[in-house]
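Colleague: For reference, the file upload-v3.cif (mmCIF, C-alpha atoms (C1' of nucleotides)) is included below:
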```
data_input
#
loop_
_atom_site.label_atom_id
_atom_site.label_comp_id
_atom_site.auth_asym_id
_atom_site.auth_seq_id
_atom_site.Cartn_x
_atom_site.Cartn_y
_atom_site.Cartn_z
CA MET A 1 15.88 39.64 15.89
CA THR A 2 15.78 36.01 16.84
CA LEU A 3 18.96 34.21 15.97
CA LYS A 4 18.90 31.23 13.65
CA LYS A 5 18.13 28.04 15.51
CA LEU A 6 20.31 25.09 14.81
CA GLU A 7 18.00 22.57 16.40
CA LEU A 8 14.39 21.96 15.49
CA SER A 9 11.54 20.16 17.21
CA VAL A 10 9.41 17.65 15.31
CA GLY A 11 6.76 20.24 14.61
CA GLU A 12 9.27 22.80 13.41
CA LEU A 13 11.06 20.40 11.13
CA ALA A 14 7.73 19.18 9.83
CA GLN A 15 6.48 22.63 9.07
CA ARG A 16 9.68 23.81 7.46
CA ALA A 17 9.96 20.67 5.39
CA GLY A 18 6.34 20.84 4.40
CA ILE A 19 5.35 17.45 5.77
CA ALA A 20 3.31 16.20 8.74
CA PRO A 21 4.96 15.61 12.11
CA SER A 22 3.84 12.01 11.89
CA ALA A 23 5.77 11.68 8.66
CA VAL A 24 8.88 13.08 10.34
CA ARG A 25 8.64 10.45 13.09
CA PHE A 26 7.97 7.82 10.50
CA TYR A 27 11.09 8.78 8.59
CA GLU A 28 13.08 8.58 11.77
CA ASP A 29 11.66 5.15 12.57
CA GLN A 30 12.71 4.07 9.12
CA GLY A 31 16.22 5.33 9.70
CA LEU A 32 16.00 8.06 7.08
CA ILE A 33 16.72 10.84 9.54
CA PHE A 34 17.90 10.97 13.13
CA SER A 35 17.77 13.20 16.16
CA ARG A 36 19.09 13.69 19.63
CA ARG A 37 16.72 13.69 22.60
CA THR A 38 16.25 16.35 25.23
CA SER A 39 16.37 15.41 28.89
CA GLY A 40 12.60 15.16 28.65
CA ASN A 41 12.78 12.72 25.71
CA GLN A 42 11.76 15.11 23.00
CA ARG A 43 13.37 15.01 19.58
CA ARG A 44 15.75 17.71 18.47
CA TYR A 45 16.81 17.74 14.85
CA HIS A 46 19.92 19.31 13.47
CA ARG A 47 19.23 21.76 10.66
CA ALA A 48 20.97 19.35 8.30
CA MET A 49 17.90 17.16 8.56
CA LEU A 50 15.99 19.76 6.59
CA ARG A 51 18.23 19.04 3.66
CA ARG A 52 17.93 15.35 4.23
CA VAL A 53 14.17 15.56 4.19
CA ALA A 54 14.32 17.64 1.02
CA PHE A 55 16.46 14.95 -0.52
CA ILE A 56 14.01 12.27 0.58
CA ARG A 57 11.04 14.14 -0.87
CA ALA A 58 12.85 14.82 -4.10
CA SER A 59 13.79 11.19 -4.43
CA GLN A 60 10.25 10.11 -3.72
CA THR A 61 9.00 12.49 -6.34
CA ALA A 62 11.16 10.58 -8.76
CA GLY A 63 9.42 7.40 -7.66
CA ILE A 64 12.20 5.93 -5.60
CA PRO A 65 10.88 3.88 -2.65
CA LEU A 66 11.82 4.84 0.88
CA ALA A 67 13.72 1.61 1.43
CA VAL A 68 16.11 2.47 -1.38
CA ILE A 69 16.49 6.03 -0.18
CA ALA A 70 17.18 4.72 3.31
CA ASP A 71 19.77 2.38 1.87
CA VAL A 72 21.67 5.14 0.13
CA LEU A 73 21.31 7.45 3.09
CA SER A 74 22.62 4.81 5.47
CA GLU A 75 25.63 4.28 3.26
CA LEU A 76 26.22 7.98 3.50
CA GLY A 77 26.17 7.54 7.23
CA ASP A 78 25.23 9.71 10.14
CA HIS A 79 28.45 11.68 10.12
CA GLU A 80 28.87 15.16 8.80
CA SER A 81 31.21 14.51 5.88
CA PRO A 82 30.27 11.40 3.93
CA PRO A 83 32.98 9.74 1.87
CA LYS A 84 32.94 11.13 -1.61
CA SER A 85 33.21 7.75 -3.32
CA MET A 86 30.07 6.56 -1.58
CA TRP A 87 28.13 9.54 -2.71
CA GLU A 88 29.38 9.03 -6.21
CA ALA A 89 28.21 5.44 -6.23
CA ALA A 90 24.84 6.42 -4.86
CA SER A 91 24.48 9.11 -7.48
CA LYS A 92 25.31 6.70 -10.23
CA ARG A 93 22.63 4.35 -8.95
CA TRP A 94 20.09 7.14 -8.93
CA ILE A 95 20.99 8.40 -12.36
CA ASP A 96 20.93 4.98 -13.99
CA ASP A 97 17.58 4.39 -12.49
CA LEU A 98 16.21 7.75 -13.49
CA ASN A 99 17.42 7.25 -17.03
CA ASN A 100 15.60 3.95 -17.25
CA ARG A 101 12.43 5.47 -15.93
CA ILE A 102 12.68 8.43 -18.27
CA ALA A 103 13.15 6.14 -21.24
CA LEU A 104 10.10 4.14 -20.23
CA LEU A 105 7.93 7.19 -19.92
CA GLU A 106 9.13 8.59 -23.20
CA ASN A 107 8.28 5.34 -24.92
CA MET A 108 4.84 5.39 -23.39
CA ARG A 109 4.27 8.96 -24.42
CA ASP A 110 5.45 8.43 -27.97
CA MET A 111 3.42 5.29 -28.38
CA ILE A 112 0.31 6.97 -27.11
CA GLY A 113 0.98 9.92 -29.36
CA SER A 114 1.14 7.70 -32.39
CA CYS A 115 -2.09 6.11 -31.24
CA VAL A 116 -4.26 9.18 -31.19
CA GLY A 117 -7.39 8.51 -33.11
CA CYS A 118 -6.55 5.01 -34.15
CA GLY A 119 -9.15 3.49 -31.88
CA CYS A 120 -6.64 0.80 -31.22
CA LEU A 121 -8.19 -0.68 -28.15
CA SER A 122 -10.53 -2.60 -30.36
CA LEU A 123 -8.52 -2.75 -33.55
CA GLY A 124 -5.36 -4.69 -33.99
CA GLU A 125 -2.63 -2.57 -35.44
CA CYS A 126 -1.47 -0.42 -32.54
CA HIS A 127 2.10 -0.84 -31.46
CA LEU A 128 1.30 0.36 -27.99
CA LEU A 129 -1.05 -2.52 -27.51
CA ASN A 130 1.05 -4.98 -29.45
CA PRO A 131 4.46 -4.02 -28.25
CA GLY A 132 6.01 -7.39 -28.92
CA ASP A 133 6.44 -8.27 -25.28
CA GLU A 134 8.58 -5.22 -24.62
CA MET A 135 6.29 -3.80 -21.99
CA ASN A 136 5.46 -7.13 -20.51
CA LYS A 137 9.09 -7.72 -19.73
CA LEU A 138 9.44 -4.36 -18.11
CA GLY A 139 6.63 -4.38 -15.62
CA PRO A 140 5.60 -7.89 -14.66
CA GLY A 141 5.27 -7.95 -10.87
CA PRO A 142 2.92 -5.99 -8.70
CA ARG A 143 3.50 -2.26 -8.67
CA ARG A 144 7.20 -2.72 -9.35
CA LEU A 145 7.97 0.46 -11.15
CA MET A 146 11.63 0.10 -10.53
CA ARG A 147 14.48 -1.54 -8.68
CA ASP A 148 16.60 -4.57 -9.54
CA MET B 8 -2.63 -27.38 -36.23
CA THR B 9 -4.91 -26.04 -33.52
CA LEU B 10 -6.85 -23.06 -34.70
CA LYS B 11 -6.51 -19.74 -32.96
CA LYS B 12 -8.83 -19.50 -29.97
CA LEU B 13 -10.86 -16.40 -29.65
CA GLU B 14 -11.80 -16.97 -26.06
CA LEU B 15 -9.45 -17.47 -23.17
CA SER B 16 -9.92 -18.78 -19.65
CA VAL B 17 -8.52 -16.89 -16.68
CA GLY B 18 -5.42 -19.01 -16.63
CA GLU B 19 -4.81 -18.64 -20.32
CA LEU B 20 -5.26 -14.90 -20.31
CA ALA B 21 -3.06 -14.67 -17.24
CA GLN B 22 -0.29 -16.67 -18.79
CA ARG B 23 -0.40 -14.92 -22.11
CA ALA B 24 -0.51 -11.52 -20.49
CA GLY B 25 2.29 -12.42 -18.12
CA ILE B 26 0.35 -11.81 -14.92
CA ALA B 27 -1.16 -13.98 -12.19
CA PRO B 28 -4.72 -15.31 -12.52
CA SER B 29 -5.55 -13.50 -9.30
CA ALA B 30 -4.50 -10.27 -10.94
CA VAL B 31 -6.77 -10.98 -13.89
CA ARG B 32 -9.74 -11.46 -11.57
CA PHE B 33 -8.73 -8.39 -9.67
CA TYR B 34 -8.69 -6.32 -12.84
CA GLU B 35 -12.11 -7.60 -13.70
CA ASP B 36 -13.43 -6.74 -10.23
CA GLN B 37 -12.05 -3.26 -10.76
CA GLY B 38 -13.82 -2.96 -14.08
CA LEU B 39 -10.64 -2.80 -16.12
CA ILE B 40 -11.53 -5.85 -18.18
CA PHE B 41 -14.66 -7.94 -18.63
CA SER B 42 -15.70 -11.43 -19.63
CA ARG B 43 -18.66 -13.59 -20.40
CA ARG B 44 -19.45 -16.62 -18.28
CA THR B 45 -19.85 -20.20 -19.37
CA SER B 46 -22.92 -22.16 -18.30
CA GLY B 47 -20.76 -23.37 -15.44
CA ASN B 48 -19.91 -19.83 -14.35
CA GLN B 49 -16.37 -19.77 -15.61
CA ARG B 50 -14.89 -16.66 -17.18
CA ARG B 51 -14.19 -16.51 -20.88
CA TYR B 52 -12.24 -13.55 -22.18
CA HIS B 53 -12.26 -12.22 -25.67
CA ARG B 54 -8.81 -11.98 -27.21
CA ALA B 55 -9.18 -8.22 -27.18
CA MET B 56 -8.66 -8.39 -23.43
CA LEU B 57 -5.07 -9.33 -24.08
CA ARG B 58 -4.56 -5.95 -25.64
CA ARG B 59 -6.45 -4.31 -22.85
CA VAL B 60 -4.25 -5.95 -20.26
CA ALA B 61 -1.16 -4.92 -22.21
CA PHE B 62 -2.46 -1.39 -22.15
CA ILE B 63 -3.08 -1.58 -18.42
CA ARG B 64 0.39 -2.91 -17.72
CA ALA B 65 1.99 -0.32 -19.94
CA SER B 66 0.10 2.44 -18.21
CA GLN B 67 1.06 1.10 -14.82
CA THR B 68 4.67 1.01 -15.89
CA ALA B 69 4.32 4.70 -16.50
CA GLY B 70 3.10 5.09 -12.94
CA ILE B 71 -0.55 5.67 -13.67
CA PRO B 72 -2.82 4.29 -10.92
CA LEU B 73 -5.41 1.67 -11.76
CA ALA B 74 -8.27 3.96 -10.87
CA VAL B 75 -7.21 6.40 -13.57
CA ILE B 76 -6.69 3.65 -16.10
CA ALA B 77 -10.12 2.28 -15.25
CA ASP B 78 -11.56 5.72 -15.72
CA VAL B 79 -10.16 6.10 -19.22
CA LEU B 80 -11.01 2.54 -20.11
CA SER B 81 -14.58 2.97 -18.95
CA GLU B 82 -14.94 6.07 -21.06
CA LEU B 83 -13.78 4.01 -23.98
CA GLY B 84 -16.57 1.63 -23.08
CA ASP B 85 -17.12 -2.05 -23.53
CA HIS B 86 -18.01 -1.80 -27.18
CA GLU B 87 -15.78 -2.70 -30.03
CA SER B 88 -15.30 0.68 -31.67
CA PRO B 89 -14.75 3.43 -29.13
CA PRO B 90 -15.45 6.99 -30.23
CA LYS B 91 -12.35 8.56 -31.60
CA SER B 92 -12.80 11.83 -29.72
CA MET B 93 -12.85 10.00 -26.42
CA TRP B 94 -9.66 8.22 -27.20
CA GLU B 95 -8.08 11.49 -28.21
CA ALA B 96 -9.04 13.08 -24.92
CA ALA B 97 -7.69 10.15 -22.98
CA SER B 98 -4.45 10.25 -24.91
CA LYS B 99 -4.01 13.91 -24.20
CA ARG B 100 -4.49 13.28 -20.53
CA TRP B 101 -1.88 10.55 -20.58
CA ILE B 102 0.61 12.56 -22.55
CA ASP B 103 0.35 15.65 -20.41
CA ASP B 104 0.89 13.57 -17.37
CA LEU B 105 3.80 11.70 -18.86
CA ASN B 106 5.44 14.94 -19.90
CA ASN B 107 5.19 16.24 -16.37
CA ARG B 108 6.67 13.13 -14.96
CA ILE B 109 9.47 13.07 -17.50
CA ALA B 110 10.36 16.66 -16.70
CA LEU B 111 10.47 15.85 -13.01
CA LEU B 112 12.76 12.92 -13.49
CA GLU B 113 15.04 14.84 -15.78
CA ASN B 114 15.37 17.57 -13.20
CA MET B 115 16.19 15.03 -10.56
CA ARG B 116 18.77 13.37 -12.72
CA ASP B 117 20.44 16.59 -13.71
CA MET B 118 20.52 17.86 -10.18
CA ILE B 119 22.02 14.68 -8.94
CA GLY B 120 24.52 14.73 -11.76
CA SER B 121 25.68 18.16 -10.78
CA CYS B 122 25.99 16.89 -7.22
CA VAL B 123 28.41 14.08 -7.79
CA GLY B 124 31.23 14.36 -5.38
CA CYS B 125 30.06 17.50 -3.67
CA GLY B 126 29.20 15.68 -0.47
CA CYS B 127 26.20 17.91 -0.33
CA LEU B 128 24.21 16.04 2.25
CA SER B 129 26.32 17.67 4.91
CA LEU B 130 27.48 20.77 3.10
CA GLY B 131 25.30 23.67 2.18
CA GLU B 132 25.73 24.57 -1.46
CA CYS B 133 23.89 21.82 -3.33
CA HIS B 134 20.97 22.94 -5.42
CA LEU B 135 19.37 19.54 -5.15
CA LEU B 136 19.12 19.92 -1.45
CA ASN B 137 18.44 23.64 -1.51
CA PRO B 138 16.08 23.81 -4.42
CA GLY B 139 14.38 27.00 -3.28
CA ASP B 140 11.11 25.30 -2.56
CA GLU B 141 10.81 23.93 -6.09
CA MET B 142 10.71 20.33 -5.01
CA ASN B 143 8.65 21.01 -1.94
CA LYS B 144 5.95 22.45 -4.10
CA LEU B 145 6.05 19.52 -6.44
CA GLY B 146 5.73 16.68 -3.99
CA PRO B 147 4.08 17.78 -0.78
CA GLY B 148 1.51 15.12 0.01
CA PRO B 149 2.09 11.45 0.63
CA ARG B 150 3.30 9.45 -2.38
CA ARG B 151 1.49 11.73 -4.79
CA LEU B 152 3.64 11.29 -7.80
CA MET B 153 0.90 12.45 -10.07
CA ARG B 154 -2.74 13.22 -10.60
CA ASP B 155 -4.63 16.50 -10.49
"C1'" DT C 5 -17.91 -42.02 -15.84
"C1'" DA C 6 -14.25 -41.15 -12.82
"C1'" DG C 7 -10.54 -38.25 -11.85
"C1'" DC C 8 -8.13 -34.22 -11.32
"C1'" DG C 9 -6.25 -29.86 -12.86
"C1'" DA C 10 -8.24 -25.54 -13.42
"C1'" DG C 11 -11.95 -22.68 -12.16
"C1'" DT C 12 -15.26 -20.31 -8.59
"C1'" DT C 13 -16.21 -17.02 -4.36
"C1'" DC C 14 -15.12 -14.75 -0.31
"C1'" DA C 15 -12.40 -13.30 3.43
"C1'" DA C 16 -8.18 -12.26 5.14
"C1'" DG C 17 -3.24 -11.17 4.65
"C1'" DT C 18 0.81 -8.27 2.68
"C1'" DT C 19 3.65 -4.14 1.61
"C1'" DC C 20 4.22 0.78 1.33
"C1'" DG C 21 3.82 5.20 3.27
"C1'" DC C 22 1.81 7.25 6.11
"C1'" DT C 23 -2.37 9.10 9.45
"C1'" DT C 24 -5.24 8.83 13.53
"C1'" DG C 25 -6.29 8.14 18.25
"C1'" DA C 26 -5.58 7.26 23.04
"C1'" DA C 27 -3.25 8.11 27.10
"C1'" DG C 28 0.08 10.43 29.08
"C1'" DT C 29 4.43 14.01 29.62
"C1'" DC C 30 7.26 18.27 28.56
"C1'" DG C 31 8.54 22.94 28.29
"C1'" DC C 32 7.84 27.57 27.84
"C1'" DC C 33 5.15 31.84 28.97
"C1'" DT C 34 2.76 34.51 32.48
"C1'" DA D 13 3.68 27.73 40.12
"C1'" DG D 14 0.12 26.90 36.70
"C1'" DG D 15 -1.61 26.16 32.34
"C1'" DC D 16 -1.80 24.58 27.86
"C1'" DG D 17 0.07 23.59 23.44
"C1'" DA D 18 3.37 20.62 21.65
"C1'" DC D 19 5.48 16.66 22.54
"C1'" DT D 20 5.88 11.19 23.70
"C1'" DT D 21 4.72 6.01 22.56
"C1'" DC D 22 2.05 2.45 20.82
"C1'" DA D 23 -1.51 0.31 18.29
"C1'" DA D 24 -4.65 0.42 14.83
"C1'" DG D 25 -6.39 2.03 10.33
"C1'" DC D 26 -6.14 3.26 5.36
"C1'" DG D 27 -5.76 2.82 0.17
"C1'" DA D 28 -3.44 0.73 -3.55
"C1'" DA D 29 -2.60 -3.51 -5.82
"C1'" DC D 30 -2.56 -7.72 -5.33
"C1'" DT D 31 -1.79 -12.67 -3.13
"C1'" DT D 32 -3.18 -16.54 -0.35
"C1'" DG D 33 -6.23 -19.92 1.54
"C1'" DA D 34 -10.42 -22.42 2.32
"C1'" DA D 35 -14.12 -24.74 0.59
"C1'" DC D 36 -16.25 -25.98 -3.25
"C1'" DT D 37 -17.46 -26.76 -8.67
"C1'" DC D 38 -16.24 -27.40 -13.75
"C1'" DG D 39 -14.87 -29.52 -17.68
"C1'" DC D 40 -11.82 -32.23 -20.38
"C1'" DT D 41 -9.34 -36.58 -20.92
"C1'" DA D 42 -8.54 -41.49 -20.26
#
```
Starting from the file, give its structure as structure tokens.

Modeller:
Amino acid sequence: MTLKKLELSVGELAQRAGIAPSAVRFYEDQGLIFSRRTSGNQRRYHRAMLRRVAFIRASQTAGIPLAVIADVLSELGDHESPPKSMWEAASKRWIDDLNNRIALLENMRDMIGSCVGCGCLSLGECHLLNPGDEMNKLGPGPRRLMRD
Amino acid sequence: MTLKKLELSVGELAQRAGIAPSAVRFYEDQGLIFSRRTSGNQRRYHRAMLRRVAFIRASQTAGIPLAVIADVLSELGDHESPPKSMWEAASKRWIDDLNNRIALLENMRDMIGSCVGCGCLSLGECHLLNPGDEMNKLGPGPRRLMRD
DNA sequence: TAGCGAGTTCAAGTTCGCTTGAAGTCGCCT
DNA sequence: AGGCGACTTCAAGCGAACTTGAACTCGCTA
């Protein structure tokens, strides 16, 4: 019946993307998405923003901070057809990062697995708890799970 | 020459664990580690706390929030020989969680890999950006990368 | 025993990723 | 034309994980 809208209000985008309207505005403030305004100053989002939000959420799920997502997204630009080379570079960045994070988690998991039942928190022979500085090097600062 | 100390001050523990003294105190406030006090009210940590801090940092690196770490650690208790069954349960919890997170990251990576060069942020055929609700289901709330 | 680097507490500040609230405006349906 | 739900901005608040600063005390060394 109704024909497919190509512009969405904040509330519509929010609902269809599965996030709160406040989050949509927040993302726009942060330069992650953009909109045009109606004569009455209301936001109107192109349907493409749905995909952009999906990309943002997916990236977040992988633990990538908004600032980094914004960075990649801004390199992609506001235009409709982003340069392929840019997207390739961004993808490489993502993948390298994801691979690092996956490796870390796998190490954790395997170490914990080998720990089961050893009671190692009070004994001395666990290689999770005596990792020879490996872990210390990897996560020194505050909540820096990733990035540079 | 000097014999191995079995108690460490805040600063010593901090340095040897590779974190700031303020972080050490913070962890103690949060019940992640504990100490005895000297007659002059200064903290003295048992060497075992080094391992505990290593464990905390390792867990954090895997993206596990302090509250959860504290939870597991408190179940393990302050005593020297934690019940094996408890440690097994905790390990299972960790491993399940890690496996979930690893799967998520691998999906992300593979999707991005298959995206290289497709320019999909503006085109319509990318399965990263049109994941059929998969991703939306997985990461709906704010920064909830994990937990329950 | 004096000095001073390291320790103490407590309150406030910081970043991230939003949410909430107040005060007011828009736009669509009847 | 009126009504009311959805929109607007701006400021403040929140929880996690710490850091910073002020004001003061300890404890080891010379």

Colleague: Could you give me the centre and size, in Å to one decimal, of an axis-aligned box around all listed atoms of region 37-40 of chain D with 4 Å added on every side, as JSON?

Modeller:
```
{"center_x": -14.6, "center_y": -29.5, "center_z": -14.5, "size_x": 13.6, "size_y": 13.5, "size_z": 19.7}
```

Colleague: Starting from the displayed file, determine the output of the PyMOL selection byres ((chain C and resi 24-27) around 9) and express the residue list as number ranges by chain.

Modeller: C: 23, 28; D: 24-25

Colleague: Calculate how many Å separate CA of Ser74 (chain A) from CA of Gly31 (chain A), rounding to one decimal.

Modeller: 7.7 Å

Colleague: Rounded to one decimal place, report the C1' of DG33 (chain D)-CA of Ser46 (chain B) distance in Å.

Modeller: 26.0 Å

Colleague: To test your reading of the syntax: which residues would the PyMOL selection byres ((chain C) within 9 of (chain A)) return for the file shown? Reply as a PyMOL selection string.

Modeller: chain C and resi 20-23+29-31

Colleague: Convert the current residue selection to file output with C-alpha atoms (C1' of nucleotides), as a compact mmCIF listing (two decimals), keeping the file's coordinate frame.

Modeller:
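selection_17.txt, written as the output of this step:
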```
# COMPACT_ATOMS: atom_id res chain seq x y z
C1' DC C 20 4.22 0.78 1.33
C1' DG C 21 3.82 5.20 3.27
C1' DC C 22 1.81 7.25 6.11
C1' DT C 23 -2.37 9.10 9.45
C1' DT C 29 4.43 14.01 29.62
C1' DC C 30 7.26 18.27 28.56
C1' DG C 31 8.54 22.94 28.29
```

Colleague: Which of these, B:Arg23, B:Lys12, B:Arg51, B:Arg58, has the shortest distance to chain A once you count only C-alpha atoms?

Modeller: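 Closest residue, counting only C-alpha atoms: B:Arg58.
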
Colleague: Fix up region 32-54 of chain B with N, CA and C atoms, then write it as a PDB file, keeping the file's coordinate frame.

Modeller:
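Done, and the output landed in selection_16.pdb:
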```
ATOM      1  N   ARG B  32      -8.447 -11.601 -12.251  1.00  0.00           N
ATOM      2  CA  ARG B  32      -9.740 -11.460 -11.570  1.00  0.00           C
ATOM      3  C   ARG B  32      -9.854 -10.106 -10.906  1.00  0.00           C
ATOM      4  N   PHE B  33      -8.748  -9.701 -10.308  1.00  0.00           N
ATOM      5  CA  PHE B  33      -8.730  -8.390  -9.670  1.00  0.00           C
ATOM      6  C   PHE B  33      -9.044  -7.283 -10.666  1.00  0.00           C
ATOM      7  N   TYR B  34      -8.430  -7.327 -11.811  1.00  0.00           N
ATOM      8  CA  TYR B  34      -8.690  -6.320 -12.840  1.00  0.00           C
ATOM      9  C   TYR B  34     -10.159  -6.342 -13.252  1.00  0.00           C
ATOM     10  N   GLU B  35     -10.706  -7.529 -13.323  1.00  0.00           N
ATOM     11  CA  GLU B  35     -12.110  -7.600 -13.700  1.00  0.00           C
ATOM     12  C   GLU B  35     -13.003  -7.006 -12.609  1.00  0.00           C
ATOM     13  N   ASP B  36     -12.687  -7.335 -11.360  1.00  0.00           N
ATOM     14  CA  ASP B  36     -13.430  -6.740 -10.230  1.00  0.00           C
ATOM     15  C   ASP B  36     -13.393  -5.220 -10.320  1.00  0.00           C
ATOM     16  N   GLN B  37     -12.241  -4.711 -10.713  1.00  0.00           N
ATOM     17  CA  GLN B  37     -12.050  -3.260 -10.760  1.00  0.00           C
ATOM     18  C   GLN B  37     -12.627  -2.643 -12.031  1.00  0.00           C
ATOM     19  N   GLY B  38     -13.193  -3.482 -12.869  1.00  0.00           N
ATOM     20  CA  GLY B  38     -13.820  -2.960 -14.080  1.00  0.00           C
ATOM     21  C   GLY B  38     -12.845  -2.600 -15.187  1.00  0.00           C
ATOM     22  N   LEU B  39     -11.641  -3.110 -15.097  1.00  0.00           N
ATOM     23  CA  LEU B  39     -10.640  -2.800 -16.120  1.00  0.00           C
ATOM     24  C   LEU B  39     -10.805  -3.699 -17.333  1.00  0.00           C
ATOM     25  N   ILE B  40     -11.260  -4.913 -17.085  1.00  0.00           N
ATOM     26  CA  ILE B  40     -11.530  -5.850 -18.180  1.00  0.00           C
ATOM     27  C   ILE B  40     -12.874  -6.516 -17.894  1.00  0.00           C
ATOM     28  N   PHE B  41     -13.386  -7.259 -18.850  1.00  0.00           N
ATOM     29  CA  PHE B  41     -14.660  -7.940 -18.630  1.00  0.00           C
ATOM     30  C   PHE B  41     -14.686  -9.253 -19.402  1.00  0.00           C
ATOM     31  N   SER B  42     -15.636 -10.095 -19.035  1.00  0.00           N
ATOM     32  CA  SER B  42     -15.700 -11.430 -19.630  1.00  0.00           C
ATOM     33  C   SER B  42     -17.154 -11.873 -19.725  1.00  0.00           C
ATOM     34  N   ARG B  43     -17.363 -12.919 -20.482  1.00  0.00           N
ATOM     35  CA  ARG B  43     -18.660 -13.590 -20.400  1.00  0.00           C
ATOM     36  C   ARG B  43     -18.451 -14.818 -19.523  1.00  0.00           C
ATOM     37  N   ARG B  44     -19.570 -15.425 -19.110  1.00  0.00           N
ATOM     38  CA  ARG B  44     -19.450 -16.620 -18.280  1.00  0.00           C
ATOM     39  C   ARG B  44     -19.982 -17.828 -19.028  1.00  0.00           C
ATOM     40  N   THR B  45     -19.335 -18.955 -18.795  1.00  0.00           N
ATOM     41  CA  THR B  45     -19.850 -20.200 -19.370  1.00  0.00           C
ATOM     42  C   THR B  45     -21.079 -20.619 -18.566  1.00  0.00           C
ATOM     43  N   SER B  46     -21.760 -21.652 -19.039  1.00  0.00           N
ATOM     44  CA  SER B  46     -22.920 -22.160 -18.300  1.00  0.00           C
ATOM     45  C   SER B  46     -22.493 -22.577 -16.890  1.00  0.00           C
ATOM     46  N   GLY B  47     -21.270 -22.977 -16.752  1.00  0.00           N
ATOM     47  CA  GLY B  47     -20.760 -23.370 -15.440  1.00  0.00           C
ATOM     48  C   GLY B  47     -20.098 -22.238 -14.675  1.00  0.00           C
ATOM     49  N   ASN B  48     -20.386 -21.018 -15.069  1.00  0.00           N
ATOM     50  CA  ASN B  48     -19.910 -19.830 -14.350  1.00  0.00           C
ATOM     51  C   ASN B  48     -18.414 -19.528 -14.465  1.00  0.00           C
ATOM     52  N   GLN B  49     -17.781 -20.107 -15.434  1.00  0.00           N
ATOM     53  CA  GLN B  49     -16.370 -19.770 -15.610  1.00  0.00           C
ATOM     54  C   GLN B  49     -16.219 -18.606 -16.585  1.00  0.00           C
ATOM     55  N   ARG B  50     -15.154 -17.834 -16.341  1.00  0.00           N
ATOM     56  CA  ARG B  50     -14.890 -16.660 -17.180  1.00  0.00           C
ATOM     57  C   ARG B  50     -14.333 -17.051 -18.544  1.00  0.00           C
ATOM     58  N   ARG B  51     -14.783 -16.366 -19.553  1.00  0.00           N
ATOM     59  CA  ARG B  51     -14.190 -16.510 -20.880  1.00  0.00           C
ATOM     60  C   ARG B  51     -13.908 -15.124 -21.419  1.00  0.00           C
ATOM     61  N   TYR B  52     -12.644 -14.881 -21.721  1.00  0.00           N
ATOM     62  CA  TYR B  52     -12.240 -13.550 -22.180  1.00  0.00           C
ATOM     63  C   TYR B  52     -12.055 -13.528 -23.684  1.00  0.00           C
ATOM     64  N   HIS B  53     -12.526 -12.470 -24.255  1.00  0.00           N
ATOM     65  CA  HIS B  53     -12.260 -12.220 -25.670  1.00  0.00           C
ATOM     66  C   HIS B  53     -10.775 -11.876 -25.831  1.00  0.00           C
ATOM     67  N   ARG B  54     -10.222 -12.266 -26.959  1.00  0.00           N
ATOM     68  CA  ARG B  54      -8.810 -11.980 -27.210  1.00  0.00           C
ATOM     69  C   ARG B  54      -8.460 -10.499 -27.044  1.00  0.00           C
TER      70      ARG B  54
END
```
